[in-house]
Amino acid sequence: MARAGRCPQNVPRPDRTRAGQARTQGTPAGKKTFDVDEHYVAEMRERARVLAEDPLRCQSLPHMTLAGWDLLELIMEAKAREYPDWFSLHRDGNRWHWINRPLQIEQRFTFLDETTLPCGPMEYITRQTQGDFSLQDQRDENLWMDAGMVTTQADWSLDFDIGMNFFEWHAPVPLAHEKQIFTRALKFLMNVQHGAPARRFNWTMTIDPLLDTSPENYPKWGPSRATLTPENVGRRMHLRVELQTFFRLPRSNALAFPIRCYLIRFEELVTQPKWARRLHRVIRDLPDELAAYKGFLRNKPIMVDYLAQFDDGTPTSPGWWAED
């Protein structure tokens with residue numbers, strides 16, 4: 001049986017001074033192990049709300065408890081090291097003392113003793129960490145999605161995918177299987193080493209600034225796809241970029257897969273000419289199968305027409321950073 005949703009559902013009231021400090025001193029996402037930005041407190045309160053409504057957004061098969069402890073150690077160490085004003089970790093052997101100042105959490109516990117935490121280790125620490133997480137067990141020459149905290153996903157379901165292997169949960173992706181992309185990706189991921197994490201980007205589109213576009217909540221966000229117009233596309237359509245990181249965990253040998261989502265409105269994105277030109281060409285030339293998979297085939301013509309006005313045909317420079 002998978003374990004889910006045992007932590008208390010309430011989130012402590014935020015320390016508004018610390019939250020304000022996070023807004024003014026935040027750092028670019030790529031420079032920290034785990035990005036903590038001005039949305040931290042709000043996103044953790046939203047995670048607690050989602051879990052209160054649907055505890056199955058967090059699940060861990062019994063054999064993944066050790067991987068949960070590995071993840072807890074990874075996140076606590078990184079946050080205490082990289083954000084010492086906001087997080088502290090004190091260790092005396094297996095007796096640990098964790099302090100999360102933005103959420104006003106202070107917890108003394110025994111590392112590897114699940115009875116000393118209010119819930120399982122993965123759930124405990126991912127209730128305090130932005131982004132989604134899957135923990136993948138490596139066995140039988142494959143990766144298996146056997147645990148996860150997934151409350152801000154782009155149209156996929158942890159409850160549906162839990163226990164699936166790498167090829168099974170990627171089965172809906174068009175074109176990639178024929179090109180053996182996932183065969184090569186799996187080989188790469190299974191060779192990720194402890195202490196040498198890897199990162200990649202993924203992208204899709206979201207109408208309105210919604211992090212939770214899950215199948216479970218489709219009735220809430222799905223109808224918005226029929227409300228996009230040439231007049232509101234710049235304001236409502238968002239490029240959704242996922243920063244995905246892969247960590248090999250030391251004790252369990254599992255693979256931790258954090259997925260951090262960032263949104264930008266089209267009307268903001270086009271203020272950078274390079275981004276506007278490139279996005280126009282990507283959307284214009286994307287095969288319809290992929291546009292359908294990413295959920296915007298219906299609105300592709302509106303998006304292309306809007307972006308075309310910002311594309312003068314000039315070549316773009318390499319890389320994703322803005323030219324200025």
# chains A, B, ... in the order shown; residues from 1 in each chain; ligands from 1
>>> closest_atom_pairs(of="stretch 101-186 of chain A", to="stretch 257-278 of chain A", cutoff="10 Å", atoms="only C-alpha atoms", output="JSON lines")
{"residue": "A:Thr126", "atom": "CA", "partner": "A:Pro258", "partner_atom": "CA", "distance": 9.9}
{"residue": "A:Thr129", "atom": "CA", "partner": "A:Pro258", "partner_atom": "CA", "distance": 9.8}
{"residue": "A:Gln130", "atom": "CA", "partner": "A:Arg260", "partner_atom": "CA", "distance": 6.9}
{"residue": "A:Gly131", "atom": "CA", "partner": "A:Arg260", "partner_atom": "CA", "distance": 4.3}
{"residue": "A:Asp132", "atom": "CA", "partner": "A:Ile259", "partner_atom": "CA", "distance": 5.0}
{"residue": "A:Phe133", "atom": "CA", "partner": "A:Pro258", "partner_atom": "CA", "distance": 4.4}
{"residue": "A:Ser134", "atom": "CA", "partner": "A:Phe257", "partner_atom": "CA", "distance": 5.2}
{"residue": "A:Leu135", "atom": "CA", "partner": "A:Phe257", "partner_atom": "CA", "distance": 6.1}
{"residue": "A:Gln136", "atom": "CA", "partner": "A:Phe257", "partner_atom": "CA", "distance": 7.6}
{"residue": "A:Met145", "atom": "CA", "partner": "A:Phe257", "partner_atom": "CA", "distance": 9.9}
{"residue": "A:Gly148", "atom": "CA", "partner": "A:Phe257", "partner_atom": "CA", "distance": 9.0}
{"residue": "A:Met149", "atom": "CA", "partner": "A:Pro258", "partner_atom": "CA", "distance": 9.4}
{"residue": "A:Val150", "atom": "CA", "partner": "A:Ile259", "partner_atom": "CA", "distance": 9.1}
{"residue": "A:Thr152", "atom": "CA", "partner": "A:Cys261", "partner_atom": "CA", "distance": 7.8}
{"residue": "A:Gln153", "atom": "CA", "partner": "A:Cys261", "partner_atom": "CA", "distance": 8.3}
{"residue": "A:Ala154", "atom": "CA", "partner": "A:Cys261", "partner_atom": "CA", "distance": 9.1}
>>> write_last_selection(atoms="C-alpha atoms", output="short mmCIF file (atom, residue, chain, number, x, y, z; two decimals), in the first residue's frame")
data_model
loop_
_atom_site.label_atom_id
_atom_site.label_comp_id
_atom_site.auth_asym_id
_atom_site.auth_seq_id
_atom_site.Cartn_x
_atom_site.Cartn_y
_atom_site.Cartn_z
CA THR A 126 8.50 18.17 0.32
CA THR A 129 10.05 22.59 -0.70
CA GLN A 130 8.79 24.25 -3.86
CA GLY A 131 8.26 22.13 -6.96
CA ASP A 132 7.14 18.57 -7.52
CA PHE A 133 9.18 15.46 -6.73
CA SER A 134 9.28 11.88 -7.89
CA LEU A 135 11.53 9.23 -6.39
CA GLN A 136 12.45 6.51 -8.82
CA MET A 145 8.12 5.81 -10.20
CA GLY A 148 6.31 11.28 -5.25
CA MET A 149 4.89 14.62 -4.12
CA VAL A 150 3.08 16.06 -7.12
CA THR A 152 1.81 21.46 -9.41
CA GLN A 153 2.06 19.20 -12.44
CA ALA A 154 1.34 19.81 -16.11
#
>>> select_by_dssp(residues="stretch 73-319 of chain A", states="helix (DSSP H, G or I)", output="NGL selection string")
:A and (73-82 or 114-116 or 121-126 or 158-161 or 166-169 or 181-190 or 215-226 or 233-236 or 266-269 or 273-285 or 288-293 or 300-308)
>>> atom_distance(atom1="atom CA of A:Pro197", atom2="atom CA of A:Phe247")
4.8 Å
>>> select_by_dssp(residues="stretch 104-165 of chain A", states="strand (DSSP E or B)", output="ChimeraX atom specification")
/A:105-110,132-139,142-149,154,165
>>> closest_residue(among="A:Gln128, A:Thr316, A:Thr110, A:Asn217", to="A:Val36", atoms="only C-alpha atoms")
A:Gln128
>>> residues_around(residues="stretch 177-190 of chain A", least_positions_apart="5", cutoff="9 Å", atoms="only C-alpha atoms", output="list in words")
Gln138, Glu141, Asn142, Leu143, Phe166, Phe167, His170, Ala171, Ala198, Phe246 and Leu255 of chain A
>>> write_last_selection(atoms="all heavy atoms", output="mmCIF file, in the first residue's frame")
data_model
loop_
_atom_site.group_PDB
_atom_site.id
_atom_site.type_symbol
_atom_site.label_atom_id
_atom_site.label_comp_id
_atom_site.auth_asym_id
_atom_site.auth_seq_id
_atom_site.Cartn_x
_atom_site.Cartn_y
_atom_site.Cartn_z
ATOM 1 N N GLN A 138 15.577 2.135 -8.935
ATOM 2 C CA GLN A 138 16.280 1.548 -10.076
ATOM 3 C C GLN A 138 16.430 0.046 -9.848
ATOM 4 O O GLN A 138 17.106 -0.404 -8.938
ATOM 5 C CB GLN A 138 17.653 2.209 -10.256
ATOM 6 C CG GLN A 138 18.404 1.697 -11.487
ATOM 7 C CD GLN A 138 19.567 2.604 -11.877
ATOM 8 O OE1 GLN A 138 19.490 3.834 -11.746
ATOM 9 N NE2 GLN A 138 20.651 2.016 -12.342
ATOM 10 N N GLU A 141 16.969 -3.149 -14.648
ATOM 11 C CA GLU A 141 17.433 -2.330 -15.771
ATOM 12 C C GLU A 141 16.384 -1.298 -16.207
ATOM 13 O O GLU A 141 16.214 -1.003 -17.391
ATOM 14 C CB GLU A 141 17.837 -3.218 -16.955
ATOM 15 C CG GLU A 141 18.989 -4.166 -16.621
ATOM 16 C CD GLU A 141 19.449 -4.968 -17.819
ATOM 17 O OE1 GLU A 141 18.799 -4.879 -18.879
ATOM 18 O OE2 GLU A 141 20.462 -5.686 -17.685
ATOM 19 N N ASN A 142 15.697 -0.741 -15.209
ATOM 20 C CA ASN A 142 14.686 0.263 -15.501
ATOM 21 C C ASN A 142 14.536 1.167 -14.284
ATOM 22 O O ASN A 142 15.102 0.900 -13.213
ATOM 23 C CB ASN A 142 13.342 -0.399 -15.834
ATOM 24 C CG ASN A 142 12.527 0.396 -16.838
ATOM 25 O OD1 ASN A 142 12.543 1.633 -16.839
ATOM 26 N ND2 ASN A 142 11.808 -0.310 -17.708
ATOM 27 N N LEU A 143 13.806 2.262 -14.445
ATOM 28 C CA LEU A 143 13.452 3.155 -13.355
ATOM 29 C C LEU A 143 11.960 3.045 -13.121
ATOM 30 O O LEU A 143 11.167 3.010 -14.079
ATOM 31 C CB LEU A 143 13.832 4.606 -13.684
ATOM 32 C CG LEU A 143 15.318 4.909 -13.792
ATOM 33 C CD1 LEU A 143 15.528 6.323 -14.342
ATOM 34 C CD2 LEU A 143 16.010 4.773 -12.440
ATOM 35 N N PHE A 166 9.758 3.484 -16.463
ATOM 36 C CA PHE A 166 10.095 4.667 -17.251
ATOM 37 C C PHE A 166 9.362 4.701 -18.591
ATOM 38 O O PHE A 166 8.847 5.746 -19.010
ATOM 39 C CB PHE A 166 11.610 4.696 -17.473
ATOM 40 C CG PHE A 166 12.133 5.938 -18.119
ATOM 41 C CD1 PHE A 166 12.343 7.098 -17.384
ATOM 42 C CD2 PHE A 166 12.442 5.954 -19.478
ATOM 43 C CE1 PHE A 166 12.846 8.243 -17.980
ATOM 44 C CE2 PHE A 166 12.943 7.096 -20.082
ATOM 45 C CZ PHE A 166 13.147 8.240 -19.336
ATOM 46 N N PHE A 167 9.298 3.565 -19.271
ATOM 47 C CA PHE A 167 8.649 3.541 -20.578
ATOM 48 C C PHE A 167 7.131 3.613 -20.444
ATOM 49 O O PHE A 167 6.461 4.195 -21.313
ATOM 50 C CB PHE A 167 9.051 2.273 -21.336
ATOM 51 C CG PHE A 167 10.516 2.230 -21.666
ATOM 52 C CD1 PHE A 167 11.337 1.278 -21.087
ATOM 53 C CD2 PHE A 167 11.084 3.142 -22.541
ATOM 54 C CE1 PHE A 167 12.687 1.234 -21.379
ATOM 55 C CE2 PHE A 167 12.439 3.110 -22.846
ATOM 56 C CZ PHE A 167 13.252 2.148 -22.259
ATOM 57 N N HIS A 170 6.000 7.246 -19.797
ATOM 58 C CA HIS A 170 6.236 8.107 -20.957
ATOM 59 C C HIS A 170 5.495 7.619 -22.193
ATOM 60 O O HIS A 170 5.651 8.204 -23.285
ATOM 61 C CB HIS A 170 7.740 8.171 -21.272
ATOM 62 C CG HIS A 170 8.504 9.066 -20.345
ATOM 63 N ND1 HIS A 170 9.440 8.594 -19.455
ATOM 64 C CD2 HIS A 170 8.455 10.407 -20.155
ATOM 65 C CE1 HIS A 170 9.948 9.602 -18.764
ATOM 66 N NE2 HIS A 170 9.361 10.714 -19.168
ATOM 67 N N ALA A 171 4.685 6.590 -22.062
ATOM 68 C CA ALA A 171 4.009 6.012 -23.223
ATOM 69 C C ALA A 171 3.185 7.022 -24.023
ATOM 70 O O ALA A 171 3.125 6.936 -25.261
ATOM 71 C CB ALA A 171 3.135 4.843 -22.784
ATOM 72 N N ALA A 198 22.389 16.030 -12.642
ATOM 73 C CA ALA A 198 22.196 16.556 -13.987
ATOM 74 C C ALA A 198 20.928 17.392 -14.007
ATOM 75 O O ALA A 198 20.037 17.218 -13.167
ATOM 76 C CB ALA A 198 22.094 15.418 -15.000
ATOM 77 N N PHE A 246 18.253 15.815 -11.587
ATOM 78 C CA PHE A 246 18.337 14.386 -11.276
ATOM 79 C C PHE A 246 19.463 14.176 -10.267
ATOM 80 O O PHE A 246 20.622 14.497 -10.546
ATOM 81 C CB PHE A 246 18.606 13.576 -12.543
ATOM 82 C CG PHE A 246 17.666 13.900 -13.660
ATOM 83 C CD1 PHE A 246 18.023 14.803 -14.651
ATOM 84 C CD2 PHE A 246 16.414 13.326 -13.724
ATOM 85 C CE1 PHE A 246 17.165 15.123 -15.683
ATOM 86 C CE2 PHE A 246 15.534 13.632 -14.754
ATOM 87 C CZ PHE A 246 15.910 14.532 -15.736
ATOM 88 N N LEU A 255 16.734 7.467 -7.618
ATOM 89 C CA LEU A 255 16.956 8.710 -8.346
ATOM 90 C C LEU A 255 15.886 9.704 -7.923
ATOM 91 O O LEU A 255 14.685 9.430 -8.036
ATOM 92 C CB LEU A 255 16.874 8.465 -9.854
ATOM 93 C CG LEU A 255 17.453 9.564 -10.753
ATOM 94 C CD1 LEU A 255 18.963 9.613 -10.635
ATOM 95 C CD2 LEU A 255 17.047 9.335 -12.207
#
>>> atom_distance(atom1="atom CA of A:Val173", atom2="atom CA of A:Trp144")
17.3 Å
>>> atom_distance(atom1="atom CA of A:Thr115", atom2="atom CA of A:Thr245")
29.5 Å
>>> closest_residue(among="A:Gly163, A:Pro102, A:Pro121, A:Gly30", to="A:Met44", atoms="only C-alpha atoms")
A:Pro102
>>> closest_atom_pairs(of="stretch 102-206 of chain A", to="stretch 284-303 of chain A", cutoff="12 Å", atoms="only C-alpha atoms", output="JSON lines")
{"residue": "A:Ala154", "atom": "CA", "partner": "A:Lys294", "partner_atom": "CA", "distance": 8.7}
{"residue": "A:Asp155", "atom": "CA", "partner": "A:Lys294", "partner_atom": "CA", "distance": 8.6}
{"residue": "A:Trp156", "atom": "CA", "partner": "A:Lys294", "partner_atom": "CA", "distance": 10.9}
{"residue": "A:His170", "atom": "CA", "partner": "A:Tyr293", "partner_atom": "CA", "distance": 11.5}
{"residue": "A:Ala171", "atom": "CA", "partner": "A:Tyr293", "partner_atom": "CA", "distance": 11.4}
{"residue": "A:Pro172", "atom": "CA", "partner": "A:Tyr293", "partner_atom": "CA", "distance": 7.8}
{"residue": "A:Val173", "atom": "CA", "partner": "A:Tyr293", "partner_atom": "CA", "distance": 6.8}
{"residue": "A:Pro174", "atom": "CA", "partner": "A:Glu289", "partner_atom": "CA", "distance": 6.4}
{"residue": "A:Leu175", "atom": "CA", "partner": "A:Glu289", "partner_atom": "CA", "distance": 7.9}
{"residue": "A:Ala176", "atom": "CA", "partner": "A:Leu290", "partner_atom": "CA", "distance": 9.7}
{"residue": "A:Asn202", "atom": "CA", "partner": "A:Lys294", "partner_atom": "CA", "distance": 10.9}
{"residue": "A:Trp203", "atom": "CA", "partner": "A:Lys294", "partner_atom": "CA", "distance": 8.6}
{"residue": "A:Thr204", "atom": "CA", "partner": "A:Lys294", "partner_atom": "CA", "distance": 5.7}
{"residue": "A:Met205", "atom": "CA", "partner": "A:Phe296", "partner_atom": "CA", "distance": 6.9}
{"residue": "A:Thr206", "atom": "CA", "partner": "A:Phe296", "partner_atom": "CA", "distance": 8.5}
>>> write_last_selection(atoms="all heavy atoms", output="compact mmCIF listing (two decimals), in the first residue's frame")
# COMPACT_ATOMS: atom_id res chain seq x y z
N ALA A 154 1.91 19.44 -14.83
CA ALA A 154 1.34 19.81 -16.11
C ALA A 154 0.65 18.60 -16.72
O ALA A 154 1.24 17.87 -17.52
CB ALA A 154 2.41 20.36 -17.04
N ASP A 155 -0.60 18.37 -16.33
CA ASP A 155 -1.48 17.39 -16.96
C ASP A 155 -0.93 15.95 -16.90
O ASP A 155 -0.94 15.23 -17.90
CB ASP A 155 -1.76 17.78 -18.41
CG ASP A 155 -3.05 17.15 -18.93
OD1 ASP A 155 -3.78 16.55 -18.11
OD2 ASP A 155 -3.32 17.26 -20.14
N TRP A 156 -0.45 15.53 -15.74
CA TRP A 156 -0.17 14.11 -15.51
C TRP A 156 -0.49 13.80 -14.05
O TRP A 156 -0.61 14.70 -13.23
CB TRP A 156 1.28 13.75 -15.86
CG TRP A 156 2.34 14.36 -15.00
CD1 TRP A 156 2.83 15.63 -15.10
CD2 TRP A 156 3.04 13.74 -13.91
NE1 TRP A 156 3.79 15.85 -14.15
CE2 TRP A 156 3.94 14.70 -13.40
CE3 TRP A 156 2.98 12.48 -13.32
CZ2 TRP A 156 4.79 14.43 -12.33
CZ3 TRP A 156 3.83 12.21 -12.26
CH2 TRP A 156 4.72 13.18 -11.78
N HIS A 170 6.00 7.25 -19.80
CA HIS A 170 6.24 8.11 -20.96
C HIS A 170 5.49 7.62 -22.19
O HIS A 170 5.65 8.20 -23.29
CB HIS A 170 7.74 8.17 -21.27
CG HIS A 170 8.50 9.07 -20.34
ND1 HIS A 170 9.44 8.59 -19.46
CD2 HIS A 170 8.45 10.41 -20.16
CE1 HIS A 170 9.95 9.60 -18.76
NE2 HIS A 170 9.36 10.71 -19.17
N ALA A 171 4.68 6.59 -22.06
CA ALA A 171 4.01 6.01 -23.22
C ALA A 171 3.19 7.02 -24.02
O ALA A 171 3.12 6.94 -25.26
CB ALA A 171 3.14 4.84 -22.78
N PRO A 172 2.50 8.02 -23.40
CA PRO A 172 1.68 8.93 -24.19
C PRO A 172 2.45 9.90 -25.08
O PRO A 172 1.85 10.56 -25.93
CB PRO A 172 0.88 9.70 -23.12
CG PRO A 172 0.97 8.87 -21.88
CD PRO A 172 2.31 8.22 -21.95
N VAL A 173 3.77 10.04 -24.90
CA VAL A 173 4.53 11.05 -25.64
C VAL A 173 4.64 10.63 -27.10
O VAL A 173 5.14 9.54 -27.40
CB VAL A 173 5.93 11.25 -25.05
CG1 VAL A 173 6.67 12.36 -25.80
CG2 VAL A 173 5.83 11.59 -23.56
N PRO A 174 4.21 11.47 -28.05
CA PRO A 174 4.28 11.09 -29.46
C PRO A 174 5.67 11.28 -30.04
O PRO A 174 6.48 12.06 -29.53
CB PRO A 174 3.29 12.06 -30.12
CG PRO A 174 3.33 13.27 -29.25
CD PRO A 174 3.55 12.76 -27.84
N LEU A 175 5.98 10.55 -31.08
CA LEU A 175 7.19 10.68 -31.92
C LEU A 175 8.47 10.21 -31.23
O LEU A 175 9.37 9.66 -31.87
CB LEU A 175 7.38 12.12 -32.41
CG LEU A 175 6.19 12.74 -33.16
CD1 LEU A 175 6.52 14.18 -33.58
CD2 LEU A 175 5.84 11.92 -34.39
N ALA A 176 8.60 10.44 -29.93
CA ALA A 176 9.87 10.18 -29.26
C ALA A 176 10.23 8.70 -29.23
O ALA A 176 11.42 8.34 -29.32
CB ALA A 176 9.83 10.73 -27.83
N ASN A 202 12.21 21.29 -19.57
CA ASN A 202 11.05 20.87 -20.35
C ASN A 202 10.13 22.07 -20.45
O ASN A 202 10.26 23.03 -19.67
CB ASN A 202 10.36 19.68 -19.68
CG ASN A 202 9.34 19.03 -20.57
OD1 ASN A 202 9.39 19.16 -21.79
ND2 ASN A 202 8.39 18.33 -19.98
N TRP A 203 9.19 22.04 -21.37
CA TRP A 203 8.30 23.19 -21.50
C TRP A 203 6.95 22.76 -22.03
O TRP A 203 6.80 21.74 -22.69
CB TRP A 203 8.90 24.26 -22.43
CG TRP A 203 8.99 23.82 -23.87
CD1 TRP A 203 10.01 23.12 -24.45
CD2 TRP A 203 8.01 24.03 -24.90
NE1 TRP A 203 9.72 22.89 -25.78
CE2 TRP A 203 8.51 23.43 -26.08
CE3 TRP A 203 6.77 24.66 -24.93
CZ2 TRP A 203 7.81 23.45 -27.28
CZ3 TRP A 203 6.06 24.68 -26.13
CH2 TRP A 203 6.59 24.09 -27.28
N THR A 204 5.97 23.56 -21.73
CA THR A 204 4.64 23.43 -22.29
C THR A 204 3.96 24.79 -22.17
O THR A 204 4.64 25.80 -21.97
CB THR A 204 3.84 22.29 -21.60
OG1 THR A 204 2.59 22.13 -22.26
CG2 THR A 204 3.59 22.59 -20.13
N MET A 205 2.65 24.83 -22.28
CA MET A 205 1.90 26.08 -22.20
C MET A 205 0.79 25.95 -21.17
O MET A 205 0.21 24.87 -21.00
CB MET A 205 1.29 26.45 -23.56
CG MET A 205 2.31 26.69 -24.65
SD MET A 205 3.20 28.24 -24.39
CE MET A 205 4.49 28.06 -25.64
N THR A 206 0.48 27.04 -20.51
CA THR A 206 -0.61 27.07 -19.53
C THR A 206 -1.40 28.37 -19.70
O THR A 206 -0.80 29.45 -19.81
CB THR A 206 -0.06 27.00 -18.10
OG1 THR A 206 0.63 25.76 -17.92
CG2 THR A 206 -1.19 27.07 -17.08
>>> residues_around(residues="A:Lys79", least_positions_apart="6", cutoff="12 Å", atoms="only C-alpha atoms", output="list of chain:residue names")
A:Lys32, A:Thr33, A:Phe34, A:Asp35, A:Val36, A:Leu72, A:Glu73, A:Asp85, A:Trp86, A:Phe87, A:Ser88, A:Leu89, A:Trp98, A:Ile99, A:Asn100, A:Arg101, A:Ile125, A:Gln128, A:Thr129, A:Gln130
